[in-house]
Structure formats: structure tokens, C-alpha cells
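Beneath this line is the structure, given in C-alpha cells, with notes to follow.
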Amino acid sequence: MGTAIADGLLESKFCKPKQITITKRNLSTLDKLKEKGVNISSDNAEAVRNSELIILAVKPYQVSDVIKSFKSEINNKHILVSVVTGVLINDIEETIEKELPVFRAMPNTAIAIRESITCLSFKNSNPEQLAFVKNLFSTLGKVTVIDEKLMEAATVLGACGTAYAMRYIRANIQGGIEIGFDAATASLIAAQTVKGAAELLLQKGTHPEQEIDKVTTPKGCTIAGLNEMEHRGFSSSLIKGIAVSYQKIAKD
Ligand SMILES: NC(=O)c1ccc[n+]([C@@H]2O[C@H](COP(=O)([O-])OP(=O)(O)OC[C@H]3O[C@@H](n4cnc5c(N)ncnc54)[C@H](OP(=O)(O)O)[C@@H]3O)[C@@H](O)[C@H]2O)c1
């Protein structure tokens, strides 16, 4: 996730390579970013000392140790953005033991191609700091600010949602092959159709049912297929799957 964010920031020219420092313990996986001119280091404290914005992109169980490795360097120039799933802003503040602007960001893997939806929540931020962080993630896709209590729901709909969408596309590919296409052509048609459908909603601001009405002729093949899908529990199975993911994340 951290390297995907760095790649996206470089591609969008949000900042220059030299303005980014990426830290991790095993630096051998960062060769490509190093070649692009990004600073790489294993010294979290030094990286924080020389930066203003810190993006924390480690596994949840690593958060406490990583914060402790740089917290002595935190001062009033810093903004912290955590993309870590399930770690509350209050938990981060308690570990840092200093008051600073803390953001939680929930992007998805499409951040690598700058097509993420990133849900943001924050504490102690002034409007300029909020604008800066929103601007940063806007270069990596779309951004929406949510209440922190919706972060788990955002994880399910936005981040797990990528997997749900992939299964929907995969099922289309399987159906497409059954009705005559080779796998590559079925994949292209299925993926581009889903992309186009999503763009219709995003660009026109319409409701899905309005777009469905345009495709469904009376007694036609679209409505016959759609109704069959619904008889077999299509919408219901998606809603139930989302609810089960949410129950699981809320319980853990
Ligand atoms: N994948 C998603 O769709 C998604 C979406 C939203 C949020 N997230 C969240 O993003 C976070 C990162 O996910 P990921 O999939 O990118 O995990 P990941 O591949 O395991 O990346 C974690 C990185 O942290 C580094 N690291 C661990 N300990 C460190 C230390 N002491 N100092 C510096 N670096 C350290 C690791 O490198 P070394 O081992 O070399 O140190 C590794 O590169 C997770 O909390 C995840 O829940 C993921």
C-alpha cells in the first residue's frame, strides 16, 4: 500500500521524488522506487525528522512499535496519515503521546493506478491541513470524508469491494465463455463494460435503476436475464455478503 501511494504520487506529479522518503526494514524491494529518485531508508526517526507528512502503511500489529521508533521526532510541523485497518485515531494518539493532526485513510488497491476511493476521517486538523490531505488522495482517485465510526463500513464497501467487483467480473467472463467468447475477449468485454457502467454513474450522477431502464426493453433479453438473477438471489446475496464482511470486521 505504501509503495502504491508513492507510485501514484510520482505519476500524478503531486511531489518530486526527492520529497518522498520510504522506510522499511528490507530495502531490497524498493529498487524501482530508488531508481526513480525516491529516498529509501530503514531509519524511521530520521525520515520523520526530515518530513512534514507521515503516511503510516504497516500491518495493524506493527503500528505500536513503528510509532515508538519515531515518536520522539514528532513536533508541531507534522501531520500523520494512517492507512492501517482497524487502528483508531485515539489509539495512535495514545501511542504518540502528543497532539497532532491525525488522519485515517481507507484507500483500495486501485490506488496503484490512481483510481482509488479513499475514505478519510480526522482529528485535530485545521482546514488547510484537511485540504492538503484531501488534495493528496485526490491525485490518487476520489476522496470522501466520513465519520471515523464508519471506517469499518468503508473498509468493507471500498476496500473489500474491489474483491466483490472482481468476482462479479469473473462470473461475467465465465458466462461470456459459455455463450461463445474466448477468455481474453470475454475478459475485455466484461471489464470494460463494468468500467463504463461505473463511469455512467460517476459522471452523470444517475441512479443505477435509471441506467437499467435505458437498457431494458419490454419483453427483452436484459430484463429476462436480470429477473432470473434476482430470482436466484443476486442482490440479496451481495447485500448479505457485505453484511457478513461487516459483522466479521466489527467483531475482530
Ligand atoms: N490492501 C488493501 O487493499 C488495503 C486497503 C486499505 C488499507 N490497507 C492497510 O494498509 C496497511 C498496509 O498493508 P499492506 O498490504 O501494504 O501491508 P504490507 O505489504 O505488509 O506492508 C507493510 C510494510 O510495512 C513495513 N514495515 C514493517 N515493519 C516496519 C518497521 N518497523 N519500519 C518500517 N517499515 C516497516 C514492511 O516492510 P519490511 O518488512 O521490509 O519492514 C512492509 O513493506 C495494512 O494495515 C492494511 O490493513 C490495505
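In the C-alpha cells, each chain is lettered A, B, ... as it comes, each chain's residues begin at 1, and ligands are numbered from 1 in order of appearance.
Residues of segment 26-114 of chain A assigned to alpha helix (DSSP H) by DSSP on this structure's backbone: A:Asp31, A:Lys32, A:Leu33, A:Lys34, A:Glu35, A:Asn44, A:Ala45, A:Glu46, A:Ala47, A:Val48, A:Arg49, A:Val63, A:Ser64, A:Asp65, A:Val66, A:Ile67, A:Lys68, A:Ser69, A:Phe70, A:Ile89, A:Asn90, A:Asp91, A:Ile92, A:Glu93, A:Glu94, A:Thr95, A:Ile96.
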- [ ] Tell me which protein, DNA and RNA residues are within 12 Å of Lys149 of chain A, counting only C-alpha atoms, leaving out same-chain ones fewer than 2 positions away, and put them as a ChimeraX atom specification.
- [x] /A:86-89,104,119-122,145-147,151-155,250
Task: Nearest candidate to ligand 1 (options A:Ala57, A:Ile20, A:Ile189, A:Ala45; using only C-alpha atoms and all ligand atoms) - done: A:Ala57
TODO: Could you give me the residues within segment 94-176 of chain A that DSSP places in strand (DSSP E or B), as a ChimeraX atom specification?
DONE: /A:102-106,116-123,141-145
Open item on the list: Set the distance at 12 Å and use only C-alpha atoms: which residues neighbour segment 90-96 of chain A once local chain neighbours fewer than 4 positions away are removed? I'd like the list as a PyMOL selection string.
Closed with: chain A and resi 56+60+62-75+78-84+86+100-104+122-124+148
TODO: Give as a PyMOL selection string the residues surrounding ligand 1 up to a distance of 6 Å, considering only C-alpha atoms and all ligand atoms.
DONE: chain A and resi 1-2+23-26+57-60+62+66+83-85+106-109+159
Those same residues, written as an mmCIF file, in the first residue's frame with C-alpha atoms?
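Contents of part.cif, as written:
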data_model
loop_
_atom_site.group_PDB
_atom_site.id
_atom_site.type_symbol
_atom_site.label_atom_id
_atom_site.label_comp_id
_atom_site.auth_asym_id
_atom_site.auth_seq_id
_atom_site.Cartn_x
_atom_site.Cartn_y
_atom_site.Cartn_z
ATOM 1 C CA MET A 1 0.000 0.000 0.000
ATOM 2 C CA GLY A 2 2.853 2.385 0.874
ATOM 3 C CA THR A 23 11.173 3.451 5.074
ATOM 4 C CA LYS A 24 11.077 -0.282 5.597
ATOM 5 C CA ARG A 25 13.447 -2.799 7.143
ATOM 6 C CA ASN A 26 14.185 -4.794 3.995
ATOM 7 C CA ALA A 57 1.202 1.931 5.998
ATOM 8 C CA VAL A 58 2.156 -1.053 8.144
ATOM 9 C CA LYS A 59 0.195 -4.037 9.418
ATOM 10 C CA PRO A 60 -2.006 -3.296 12.442
ATOM 11 C CA GLN A 62 3.269 -3.322 13.728
ATOM 12 C CA VAL A 66 6.760 1.658 14.394
ATOM 13 C CA VAL A 83 -3.938 3.741 6.222
ATOM 14 C CA VAL A 84 -3.837 0.925 8.782
ATOM 15 C CA THR A 85 -7.078 -1.019 9.030
ATOM 16 C CA MET A 106 -9.069 3.880 3.769
ATOM 17 C CA PRO A 107 -7.988 3.549 0.141
ATOM 18 C CA ASN A 108 -8.250 0.448 -2.016
ATOM 19 C CA THR A 109 -5.755 -1.343 -4.244
ATOM 20 C CA ALA A 159 -11.563 -1.967 0.051
#
Open item on the list: Can you tell me which residues surround Val194 of chain A at a distance of at most 10 Å, considering only C-alpha atoms, apart from same-chain residues fewer than 6 positions away, and format the answer as a VMD selection string?
Closed with: chain A and resid 165 168 to 169 172 200
So that I have them on file, write out the residues from the current selection with C-alpha atoms, as a compact mmCIF listing (two decimals), in the first residue's frame.
# COMPACT_ATOMS: atom_id res chain seq x y z
CA ALA A 165 -16.35 -6.43 -8.07
CA TYR A 168 -18.80 -10.12 -10.44
CA ILE A 169 -16.50 -9.58 -13.42
CA ASN A 172 -19.38 -12.41 -16.39
CA LEU A 200 -22.00 6.45 -16.25
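Counting only C-alpha atoms and comparing A:Lys36, A:Lys195, A:Lys219, A:Arg49, the residue that lies closest to Glu115 of chain A is A:Lys195.
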Task: Point-to-point distance in Å for atom CA of Ser236 of chain A and atom CA of Arg170 of chain A - done: 18.7 Å
Open item on the list: Using only C-alpha atoms, which protein or nucleic acid residues come within 10 Å of Phe14 of chain A? Drop anything in the same chain fewer than 2 positions from it, and give the result as a list in words.
Closed with: Ala6, Gly8, Leu9, Leu10, Glu11, Ser12, Lys16, Pro17, Asn135, Leu136, Phe137, Ser138, Thr139 and Leu140 of chain A
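Computed from the coordinates, the atom CA of Gln247 of chain A to atom CA of Thr144 of chain A distance equals 22.8 Å.
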Would you list the contacts of segment 223-229 of chain A as a PDB file with N, CA and C atoms, in the first residue's frame, taking every protein, DNA or RNA residue within 12 Å and counting only C-alpha atoms, but skipping same-chain residues closer than 6 positions in sequence?
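Output file around34.pdb is given in full below:
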ATOM      1  N   GLY A 175     -19.619 -16.602 -17.842  1.00  0.00           N
ATOM      2  CA  GLY A 175     -20.839 -16.625 -18.657  1.00  0.00           C
ATOM      3  C   GLY A 175     -20.521 -16.323 -20.116  1.00  0.00           C
ATOM      4  N   GLU A 209     -30.756   2.340 -11.286  1.00  0.00           N
ATOM      5  CA  GLU A 209     -32.016   1.892 -11.889  1.00  0.00           C
ATOM      6  C   GLU A 209     -32.401   2.747 -13.108  1.00  0.00           C
ATOM      7  N   ILE A 212     -30.480   1.276 -15.830  1.00  0.00           N
ATOM      8  CA  ILE A 212     -31.043  -0.037 -16.171  1.00  0.00           C
ATOM      9  C   ILE A 212     -32.282   0.153 -17.058  1.00  0.00           C
ATOM     10  N   ASP A 213     -33.116   1.153 -16.707  1.00  0.00           N
ATOM     11  CA  ASP A 213     -34.321   1.414 -17.510  1.00  0.00           C
ATOM     12  C   ASP A 213     -33.987   1.658 -18.981  1.00  0.00           C
ATOM     13  N   LYS A 214     -32.810   2.267 -19.227  1.00  0.00           N
ATOM     14  CA  LYS A 214     -32.434   2.575 -20.617  1.00  0.00           C
ATOM     15  C   LYS A 214     -32.045   1.328 -21.403  1.00  0.00           C
ATOM     16  N   VAL A 215     -31.700   0.259 -20.671  1.00  0.00           N
ATOM     17  CA  VAL A 215     -31.191  -0.952 -21.335  1.00  0.00           C
ATOM     18  C   VAL A 215     -32.273  -2.026 -21.453  1.00  0.00           C
ATOM     19  N   THR A 216     -33.327  -1.877 -20.656  1.00  0.00           N
ATOM     20  CA  THR A 216     -34.325  -2.947 -20.596  1.00  0.00           C
ATOM     21  C   THR A 216     -35.541  -2.630 -21.465  1.00  0.00           C
ATOM     22  N   THR A 217     -35.634  -3.295 -22.616  1.00  0.00           N
ATOM     23  CA  THR A 217     -36.836  -3.150 -23.449  1.00  0.00           C
ATOM     24  C   THR A 217     -37.896  -4.131 -22.949  1.00  0.00           C
ATOM     25  N   SER A 235     -29.100  -9.669  -5.849  1.00  0.00           N
ATOM     26  CA  SER A 235     -28.920  -8.508  -4.954  1.00  0.00           C
ATOM     27  C   SER A 235     -28.846  -8.955  -3.505  1.00  0.00           C
ATOM     28  N   SER A 236     -29.713  -9.909  -3.154  1.00  0.00           N
ATOM     29  CA  SER A 236     -29.758 -10.365  -1.774  1.00  0.00           C
ATOM     30  C   SER A 236     -28.417 -10.975  -1.353  1.00  0.00           C
ATOM     31  N   SER A 237     -27.800 -11.767  -2.249  1.00  0.00           N
ATOM     32  CA  SER A 237     -26.532 -12.406  -1.860  1.00  0.00           C
ATOM     33  C   SER A 237     -25.430 -11.361  -1.701  1.00  0.00           C
ATOM     34  N   LEU A 238     -25.439 -10.310  -2.519  1.00  0.00           N
ATOM     35  CA  LEU A 238     -24.434  -9.249  -2.371  1.00  0.00           C
ATOM     36  C   LEU A 238     -24.620  -8.499  -1.057  1.00  0.00           C
TER      37      LEU A 238
END
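The residue that comes closest to Asn76 of chain A, out of A:Thr21, A:Ser245, A:Ser125, A:Ser41 and on the basis of only C-alpha atoms, is A:Ser125.
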